Amino acid sequence: MEIASNFIHEIIDKDLAEGKVDHIQTRFPPEPNGYLHIGSAKAIYINYATAKKYGGKFNLRYDDTNPAREDDEYVRSIEEDLRWLGANPDNIFYGSDYFEKCYEFAVKLIREGKAYVCDLSAEEMREYRGTLTEPGKESPYRNRSVEENLDLFERMKNGEFADGACTLRAKIDMASPNMNMRDPAIYRISRQTHHRQGNKWCIYPLYDFAHPLQDALEGITHSLCSLEFENHRPLYDWVVDNVGFEMPPHQYEFARLNVTGVVMSKRYLRELVETKKVDGWDDPRMPTLCGLRRRGYTASSVLDFVGRAGVSKAYSVVDYALLEHCLREELNQTALRRIAVCDPVKVTISNFPEGKTEYFDLPNNPNDENAGTRSVAFTKNLYIEKSDFAEVPPPKFFRLKPGGEVRLMGAYIIRCDEIVKDENGEVVEIICSCDLETKNLNPVDGRKIKGTIHWVSAENCIDAQLNLYDRLFTVDNLIDIPEGSYYLDFLNPESLKVYENAKLEKALGDAKAGEKFQFVRMGYFCKDTKNEGSFNRAVTLKDSFKPQQK
């Protein structure tokens with residue numbers, strides 16, 4: 001996992017040259033309240049690759065300071081996703097590991113007159129906070145004595161007050177132009193069972209207090225986070241400075257990863273799951289890393305995408321087509337070629353002997369000379385795609401039609417002589433004759449065959465379900481949806497098309513869960529990891545992404 005030089009590395013180079021730090025330590029601090037998504041991959045990429053570039057350490061730290069929605073399920077999934085990406089952490093910590101220390105530091109701030117217990121309700125705190133153009137008002141509880149604040153905070157910890165009855169606030173500046181510095185709450189009462197601590201605590205530190213302390217306690221040198229935390233940086237610095245760390249960490253921000261047509265809000269993703277608009281967090285249409293993995297994306301293609309998207313402070317939206325391009329570029333070189341007929345119609349070769357099986361050697365990957373070939377059976381009864389036949393063909397239709405000829409890929413040229421329909425008028429069988437002189441050869445009489453179609457032997461195939469995925473939403477930028485609309489209004493009703501009766505080349509019967517293939521003329525597919533007998537299309541063959549010319 002390599003990372004191109006960027007403004008963060010320029011900062012680190014300067015810090016090292018000036019002796020501000022003698023080593024580099026970074027961290028990725030996800031809250032275990034959902035599954036990681038493609039946007040998370042950027043934060044992982046930046047923190048992990050930066051640490052490795054400088055020979056430093058990379059921590060995974062679960063920000064489990066808000067137990068309401070946190071769960072061990074998410075803890076397990078986060079570590080699995082990091083290891084899948086190859087970002088193996090040097091250490092794994094939990095924010096809850098530091099609850100005792102956070103409490104001690106809060107008491108220290110109270111003793112020094114820098115924090116106080118406030119009885120204002122949440123609504124009253126908002127009223128006292130002021131606006132962007134008007135300063136806030138000081139809480140009537142701001143000047144309580146140190147002794148009273150110590151007593152009240154101890155009683156908060158002991159569970160003597162109801163949830164929301166009071167908070168511990170940092171005493172900073174109610175007139176600060178930065179709203180985050182107007183005496184922010186740093187502890188709140190919340191009677192929730194913690195996934196690791198159980199019911200030991202009924203007070204929990206808020207993120208803006210806990211996070212800088214955790215960074216400092218772990219020896220993080222450069223706290224790298226997305227740009228929405230830029231306005232929180234003065235509070236980050238206030239916490240570590242006032243608690244009194246000798247070598248405090250510093251926070252630096254980068255622009256988050258925005259991708260066209262993708263929702264990355266955990267709240268929205270959870271809603272999609274809970275309302276069953278998708279088949280769980282790992283639905284292949286989801287932007288979650290487990291969803292992308294199940295769909296057939298590789299870790300290297302995801303990291304390639306993040307790397308090409310770049311690291312900067314400028315807001316931008318990256319085309320989803322670039323992600324598809326990265327996967328397509330990789331699988332074109334590595335995926336084995338196989339044949340699948342998703343919507344089959346039977347073809348009978350009238351002049352091919354009954355019971356005979358002939359074998360054709362087809363390349364496993366024409367881009368890899370070491371991939372070799374495999375033998376594909378050819379018999380009297382075959383399957384082709386329904387869409388490769390037209391009883392009344394449109395103009396410039398070069399596939400099979402009554403009286404017309406096509407080449408069966410890697411095999412013979414056939415001609416349609418007769419069609420058989422059912423009682424509903426649907427074509428159920430196509431009777432063809434085969435030019436036995438055209439085994440991978442052009443016709444000796446010089447006739448031009450413009451169409452080539454794929455096929456499988458009816459006696460040498462397996463049944464499978466093919467899942468063809470498309471974008472989950474019909475708009476590129478969900479930020480710009482019309483006023484009064486809701487993001488679910490733009491769900492794509494065509495985001496999944498299922499073919500339950502597909503016929504696949506027999507060799508695919510040995511495919512392992514997660515194994516990837518190119519189904520010729522159809523796209524790149526992955527053997528589903530949850531449903532035996534299903535293959536998921538990861539990406540089509542056609543590439544709509546246009547790389548910039550160098």
# chains A, B, ... in the order shown; residues from 1 in each chain; ligands from 1
call {"tool": "residues_around", "arguments": {"residues": "Leu206 (chain A)", "least_positions_apart": "6", "cutoff": "9 Å", "atoms": "only C-alpha atoms", "output": "ChimeraX atom specification"}}
result
/A:65-66,185-188
call {"tool": "write_last_selection", "arguments": {"atoms": "all heavy atoms", "output": "PDB file, in the first residue's frame"}}
result
ATOM      1  N   THR A  65     -17.273   5.413  22.993  1.00  0.00           N
ATOM      2  CA  THR A  65     -17.644   6.245  24.136  1.00  0.00           C
ATOM      3  C   THR A  65     -19.131   6.593  24.145  1.00  0.00           C
ATOM      4  O   THR A  65     -19.592   7.318  25.014  1.00  0.00           O
ATOM      5  CB  THR A  65     -16.821   7.550  24.137  1.00  0.00           C
ATOM      6  OG1 THR A  65     -17.019   8.223  22.884  1.00  0.00           O
ATOM      7  CG2 THR A  65     -15.344   7.261  24.320  1.00  0.00           C
ATOM      8  N   ASN A  66     -19.870   6.081  23.160  1.00  0.00           N
ATOM      9  CA  ASN A  66     -21.321   6.333  23.087  1.00  0.00           C
ATOM     10  C   ASN A  66     -22.023   4.992  22.911  1.00  0.00           C
ATOM     11  O   ASN A  66     -22.225   4.523  21.786  1.00  0.00           O
ATOM     12  CB  ASN A  66     -21.639   7.270  21.927  1.00  0.00           C
ATOM     13  CG  ASN A  66     -23.121   7.569  21.822  1.00  0.00           C
ATOM     14  OD1 ASN A  66     -23.882   7.318  22.755  1.00  0.00           O
ATOM     15  ND2 ASN A  66     -23.542   8.096  20.687  1.00  0.00           N
ATOM     16  N   ALA A 185     -19.822  20.875  26.489  1.00  0.00           N
ATOM     17  CA  ALA A 185     -20.014  19.744  27.407  1.00  0.00           C
ATOM     18  C   ALA A 185     -18.927  18.713  27.141  1.00  0.00           C
ATOM     19  O   ALA A 185     -18.598  18.412  25.988  1.00  0.00           O
ATOM     20  CB  ALA A 185     -21.392  19.134  27.214  1.00  0.00           C
ATOM     21  N   ILE A 186     -18.352  18.168  28.209  1.00  0.00           N
ATOM     22  CA  ILE A 186     -17.314  17.142  28.047  1.00  0.00           C
ATOM     23  C   ILE A 186     -17.700  15.822  28.722  1.00  0.00           C
ATOM     24  O   ILE A 186     -17.060  14.797  28.476  1.00  0.00           O
ATOM     25  CB  ILE A 186     -15.944  17.634  28.567  1.00  0.00           C
ATOM     26  CG1 ILE A 186     -16.024  18.042  30.036  1.00  0.00           C
ATOM     27  CG2 ILE A 186     -15.443  18.799  27.711  1.00  0.00           C
ATOM     28  CD1 ILE A 186     -14.666  18.434  30.633  1.00  0.00           C
ATOM     29  N   TYR A 187     -18.740  15.820  29.543  1.00  0.00           N
ATOM     30  CA  TYR A 187     -19.277  14.585  30.133  1.00  0.00           C
ATOM     31  C   TYR A 187     -20.788  14.693  30.187  1.00  0.00           C
ATOM     32  O   TYR A 187     -21.332  15.772  30.463  1.00  0.00           O
ATOM     33  CB  TYR A 187     -18.750  14.364  31.555  1.00  0.00           C
ATOM     34  CG  TYR A 187     -17.625  13.360  31.657  1.00  0.00           C
ATOM     35  CD1 TYR A 187     -16.307  13.773  31.580  1.00  0.00           C
ATOM     36  CD2 TYR A 187     -17.893  11.999  31.814  1.00  0.00           C
ATOM     37  CE1 TYR A 187     -15.266  12.863  31.667  1.00  0.00           C
ATOM     38  CE2 TYR A 187     -16.858  11.081  31.901  1.00  0.00           C
ATOM     39  CZ  TYR A 187     -15.550  11.510  31.819  1.00  0.00           C
ATOM     40  OH  TYR A 187     -14.540  10.595  31.902  1.00  0.00           O
ATOM     41  N   ARG A 188     -21.479  13.562  29.941  1.00  0.00           N
ATOM     42  CA  ARG A 188     -22.934  13.544  30.077  1.00  0.00           C
ATOM     43  C   ARG A 188     -23.348  12.258  30.791  1.00  0.00           C
ATOM     44  O   ARG A 188     -22.587  11.279  30.840  1.00  0.00           O
ATOM     45  CB  ARG A 188     -23.648  13.677  28.731  1.00  0.00           C
ATOM     46  CG  ARG A 188     -23.845  12.405  27.914  1.00  0.00           C
ATOM     47  CD  ARG A 188     -22.584  11.921  27.317  1.00  0.00           C
ATOM     48  NE  ARG A 188     -22.814  10.931  26.242  1.00  0.00           N
ATOM     49  CZ  ARG A 188     -21.866  10.137  25.774  1.00  0.00           C
ATOM     50  NH1 ARG A 188     -20.657  10.180  26.291  1.00  0.00           N
ATOM     51  NH2 ARG A 188     -22.112   9.301  24.787  1.00  0.00           N
TER      52      ARG A 188
END
call {"tool": "select_by_dssp", "arguments": {"residues": "region 61-169 of chain A", "states": "helix (DSSP H, G or I)", "output": "ChimeraX atom specification"}}
result
/A:72-85,95-111,122-129,146-157
call {"tool": "write_last_selection", "arguments": {"atoms": "C-alpha atoms", "output": "PDB file, in the first residue's frame"}}
result
ATOM      1  CA  ASP A  72     -19.493  -6.223  19.100  1.00  0.00           C
ATOM      2  CA  GLU A  73     -20.838  -7.062  15.631  1.00  0.00           C
ATOM      3  CA  TYR A  74     -19.436  -3.769  14.369  1.00  0.00           C
ATOM      4  CA  VAL A  75     -16.199  -4.232  16.290  1.00  0.00           C
ATOM      5  CA  ARG A  76     -15.565  -7.528  14.497  1.00  0.00           C
ATOM      6  CA  SER A  77     -16.525  -6.171  11.095  1.00  0.00           C
ATOM      7  CA  ILE A  78     -14.214  -3.160  11.389  1.00  0.00           C
ATOM      8  CA  GLU A  79     -11.151  -5.256  12.145  1.00  0.00           C
ATOM      9  CA  GLU A  80     -12.072  -7.678   9.349  1.00  0.00           C
ATOM     10  CA  ASP A  81     -12.310  -4.788   6.874  1.00  0.00           C
ATOM     11  CA  LEU A  82      -8.952  -3.326   7.923  1.00  0.00           C
ATOM     12  CA  ARG A  83      -7.215  -6.655   7.550  1.00  0.00           C
ATOM     13  CA  TRP A  84      -8.908  -7.210   4.166  1.00  0.00           C
ATOM     14  CA  LEU A  85      -7.459  -3.898   2.997  1.00  0.00           C
ATOM     15  CA  GLY A  95     -11.769   4.334  23.823  1.00  0.00           C
ATOM     16  CA  SER A  96     -13.381   2.628  26.807  1.00  0.00           C
ATOM     17  CA  ASP A  97      -9.894   1.499  27.888  1.00  0.00           C
ATOM     18  CA  TYR A  98      -9.329   5.120  28.902  1.00  0.00           C
ATOM     19  CA  PHE A  99     -12.511   5.818  30.878  1.00  0.00           C
ATOM     20  CA  GLU A 100     -10.649   5.893  34.198  1.00  0.00           C
ATOM     21  CA  LYS A 101      -7.997   8.250  32.817  1.00  0.00           C
ATOM     22  CA  CYS A 102     -10.638  10.493  31.204  1.00  0.00           C
ATOM     23  CA  TYR A 103     -12.389  10.729  34.560  1.00  0.00           C
ATOM     24  CA  GLU A 104      -9.118  11.605  36.296  1.00  0.00           C
ATOM     25  CA  PHE A 105      -8.371  14.316  33.737  1.00  0.00           C
ATOM     26  CA  ALA A 106     -11.881  15.745  34.166  1.00  0.00           C
ATOM     27  CA  VAL A 107     -11.324  15.930  37.914  1.00  0.00           C
ATOM     28  CA  LYS A 108      -7.983  17.678  37.257  1.00  0.00           C
ATOM     29  CA  LEU A 109      -9.742  20.323  35.137  1.00  0.00           C
ATOM     30  CA  ILE A 110     -12.337  20.855  37.888  1.00  0.00           C
ATOM     31  CA  ARG A 111      -9.613  21.272  40.547  1.00  0.00           C
ATOM     32  CA  ALA A 122     -30.031  20.673  26.460  1.00  0.00           C
ATOM     33  CA  GLU A 123     -32.557  23.197  25.164  1.00  0.00           C
ATOM     34  CA  GLU A 124     -31.389  25.862  27.613  1.00  0.00           C
ATOM     35  CA  MET A 125     -27.760  25.226  26.658  1.00  0.00           C
ATOM     36  CA  ARG A 126     -28.630  25.861  23.019  1.00  0.00           C
ATOM     37  CA  GLU A 127     -30.330  29.133  23.982  1.00  0.00           C
ATOM     38  CA  TYR A 128     -27.345  30.247  26.087  1.00  0.00           C
ATOM     39  CA  ARG A 129     -24.870  29.276  23.370  1.00  0.00           C
ATOM     40  CA  VAL A 146     -14.296  23.797  42.981  1.00  0.00           C
ATOM     41  CA  GLU A 147     -15.535  21.847  46.005  1.00  0.00           C
ATOM     42  CA  GLU A 148     -19.159  21.929  44.821  1.00  0.00           C
ATOM     43  CA  ASN A 149     -18.187  20.861  41.293  1.00  0.00           C
ATOM     44  CA  LEU A 150     -16.068  17.975  42.604  1.00  0.00           C
ATOM     45  CA  ASP A 151     -18.963  16.797  44.766  1.00  0.00           C
ATOM     46  CA  LEU A 152     -21.515  17.091  41.943  1.00  0.00           C
ATOM     47  CA  PHE A 153     -19.265  15.307  39.460  1.00  0.00           C
ATOM     48  CA  GLU A 154     -18.683  12.451  41.891  1.00  0.00           C
ATOM     49  CA  ARG A 155     -22.443  12.185  42.407  1.00  0.00           C
ATOM     50  CA  MET A 156     -22.937  12.154  38.615  1.00  0.00           C
ATOM     51  CA  LYS A 157     -20.551   9.201  38.464  1.00  0.00           C
TER      52      LYS A 157
END
call {"tool": "residues_around", "arguments": {"residues": "Pro249 (chain A)", "least_positions_apart": "6", "cutoff": "10 Å", "atoms": "only C-alpha atoms", "output": "JSON, numbers by chain"}}
result
{"A": [21, 25, 26, 212, 213, 215, 216, 217, 218, 219, 220, 221, 222, 223, 236, 237, 240, 241]}
call {"tool": "closest_residue", "arguments": {"among": "A:Ile419, A:Ala377, A:Val318, A:Met522", "to": "Asn460 (chain A)", "atoms": "only C-alpha atoms"}}
result
A:Ala377
call {"tool": "atom_distance", "arguments": {"atom1": "CA of Asn364 (chain A)", "atom2": "CA of Val520 (chain A)"}}
result
10.8 Å
call {"tool": "residues_around", "arguments": {"residues": "Thr474 (chain A)", "least_positions_apart": "2", "cutoff": "12 Å", "atoms": "only C-alpha atoms", "output": "MDAnalysis selection string"}}
result
chainID A and resid 260:263 470:472 476:478 481 487:495
call {"tool": "closest_atom_pairs", "arguments": {"of": "region 320-389 of chain A", "to": "region 287-302 of chain A", "cutoff": "8 Å", "atoms": "only C-alpha atoms", "output": "CSV"}}
result
residue,atom,partner,partner_atom,distance
A:Leu323,CA,A:Val302,CA,6.9
A:Cys326,CA,A:Ser301,CA,5.3
A:Leu327,CA,A:Ser301,CA,5.0
A:Glu330,CA,A:Ser301,CA,6.9
call {"tool": "write_last_selection", "arguments": {"atoms": "N, CA and C atoms", "output": "mmCIF file, in the first residue's frame"}}
result
data_model
loop_
_atom_site.group_PDB
_atom_site.id
_atom_site.type_symbol
_atom_site.label_atom_id
_atom_site.label_comp_id
_atom_site.auth_asym_id
_atom_site.auth_seq_id
_atom_site.Cartn_x
_atom_site.Cartn_y
_atom_site.Cartn_z
ATOM 1 N N LEU A 323 -13.898 4.135 -9.699
ATOM 2 C CA LEU A 323 -13.818 2.911 -8.891
ATOM 3 C C LEU A 323 -14.017 1.687 -9.785
ATOM 4 N N CYS A 326 -10.929 1.051 -11.867
ATOM 5 C CA CYS A 326 -9.819 0.434 -11.131
ATOM 6 C C CYS A 326 -10.008 -1.073 -11.018
ATOM 7 N N LEU A 327 -11.239 -1.513 -10.749
ATOM 8 C CA LEU A 327 -11.496 -2.951 -10.653
ATOM 9 C C LEU A 327 -11.375 -3.609 -12.015
ATOM 10 N N GLU A 330 -7.841 -4.132 -13.118
ATOM 11 C CA GLU A 330 -7.175 -5.244 -12.427
ATOM 12 C C GLU A 330 -7.675 -6.596 -12.915
#
call {"tool": "residues_around", "arguments": {"residues": "Trp455 (chain A)", "least_positions_apart": "6", "cutoff": "8 Å", "atoms": "only C-alpha atoms", "output": "list of chain:residue names"}}
result
A:Ile339, A:Ala340, A:Val341, A:Leu382, A:Tyr383, A:Ile384, A:Glu385, A:Leu408, A:Met409
call {"tool": "residues_around", "arguments": {"residues": "Trp201 (chain A)", "least_positions_apart": "2", "cutoff": "9 Å", "atoms": "only C-alpha atoms", "output": "count of residues only"}}
result
14
call {"tool": "residues_around", "arguments": {"residues": "Met264 (chain A)", "least_positions_apart": "3", "cutoff": "12 Å", "atoms": "only C-alpha atoms", "output": "list in words"}}
result
Gly34, Tyr35, Leu36, His37, Ile38, Gly39, Ser40, Ala41, Arg256, Leu257, Asn258, Val259, Thr260, Gly261, Arg267, Tyr268, Leu269, Arg270, Glu271, Leu272, Met286, Pro287, Thr288, Leu289, Asn477, Leu478, Ile479 and Tyr487 of chain A
call {"tool": "closest_residue", "arguments": {"among": "A:Arg447, A:Lys386, A:Lys396, A:Arg337", "to": "Phe525 (chain A)", "atoms": "only C-alpha atoms"}}
result
A:Arg337
call {"tool": "closest_residue", "arguments": {"among": "A:Asn88, A:Leu496, A:Arg27, A:Ala49", "to": "Lys277 (chain A)", "atoms": "only C-alpha atoms"}}
result
A:Leu496
call {"tool": "select_by_dssp", "arguments": {"residues": "region 70-179 of chain A", "states": "strand (DSSP E or B)", "output": "ChimeraX atom specification"}}
result
/A:91-94,115-118,167-170
call {"tool": "write_last_selection", "arguments": {"atoms": "N, CA and C atoms", "output": "PDB file, in the first residue's frame"}}
result
ATOM      1  N   ASN A  91      -1.391  -1.943  16.875  1.00  0.00           N
ATOM      2  CA  ASN A  91      -2.048  -2.055  18.177  1.00  0.00           C
ATOM      3  C   ASN A  91      -3.548  -1.889  17.983  1.00  0.00           C
ATOM      4  N   ILE A  92      -4.318  -2.538  18.842  1.00  0.00           N
ATOM      5  CA  ILE A  92      -5.765  -2.350  18.856  1.00  0.00           C
ATOM      6  C   ILE A  92      -6.175  -1.895  20.249  1.00  0.00           C
ATOM      7  N   PHE A  93      -6.815  -0.735  20.303  1.00  0.00           N
ATOM      8  CA  PHE A  93      -7.261  -0.175  21.566  1.00  0.00           C
ATOM      9  C   PHE A  93      -8.754   0.138  21.492  1.00  0.00           C
ATOM     10  N   TYR A  94      -9.311   0.433  22.637  1.00  0.00           N
ATOM     11  CA  TYR A  94     -10.706   0.861  22.752  1.00  0.00           C
ATOM     12  C   TYR A  94     -10.740   2.172  23.526  1.00  0.00           C
ATOM     13  N   ALA A 115     -13.353  23.491  34.611  1.00  0.00           N
ATOM     14  CA  ALA A 115     -14.557  22.729  34.251  1.00  0.00           C
ATOM     15  C   ALA A 115     -15.559  22.864  35.386  1.00  0.00           C
ATOM     16  N   TYR A 116     -16.829  22.784  35.048  1.00  0.00           N
ATOM     17  CA  TYR A 116     -17.888  22.938  36.052  1.00  0.00           C
ATOM     18  C   TYR A 116     -19.099  22.091  35.676  1.00  0.00           C
ATOM     19  N   VAL A 117     -19.863  21.710  36.690  1.00  0.00           N
ATOM     20  CA  VAL A 117     -21.108  20.971  36.482  1.00  0.00           C
ATOM     21  C   VAL A 117     -22.213  21.975  36.226  1.00  0.00           C
ATOM     22  N   CYS A 118     -22.954  21.737  35.128  1.00  0.00           N
ATOM     23  CA  CYS A 118     -23.993  22.670  34.697  1.00  0.00           C
ATOM     24  C   CYS A 118     -25.348  21.974  34.712  1.00  0.00           C
ATOM     25  N   THR A 167     -24.544  18.221  33.094  1.00  0.00           N
ATOM     26  CA  THR A 167     -23.362  17.864  32.308  1.00  0.00           C
ATOM     27  C   THR A 167     -22.141  18.491  32.958  1.00  0.00           C
ATOM     28  N   LEU A 168     -20.981  17.964  32.602  1.00  0.00           N
ATOM     29  CA  LEU A 168     -19.736  18.634  32.958  1.00  0.00           C
ATOM     30  C   LEU A 168     -19.289  19.421  31.745  1.00  0.00           C
ATOM     31  N   ARG A 169     -19.014  20.712  31.923  1.00  0.00           N
ATOM     32  CA  ARG A 169     -18.629  21.570  30.804  1.00  0.00           C
ATOM     33  C   ARG A 169     -17.240  22.149  31.038  1.00  0.00           C
ATOM     34  N   ALA A 170     -16.493  22.293  29.947  1.00  0.00           N
ATOM     35  CA  ALA A 170     -15.207  22.982  30.016  1.00  0.00           C
ATOM     36  C   ALA A 170     -15.461  24.482  30.123  1.00  0.00           C
TER      37      ALA A 170
END
call {"tool": "atom_distance", "arguments": {"atom1": "CA of Ser457 (chain A)", "atom2": "CA of Lys380 (chain A)"}}
result
7.9 Å
call {"tool": "atom_distance", "arguments": {"atom1": "CA of Phe254 (chain A)", "atom2": "CA of Glu70 (chain A)"}}
result
26.1 Å
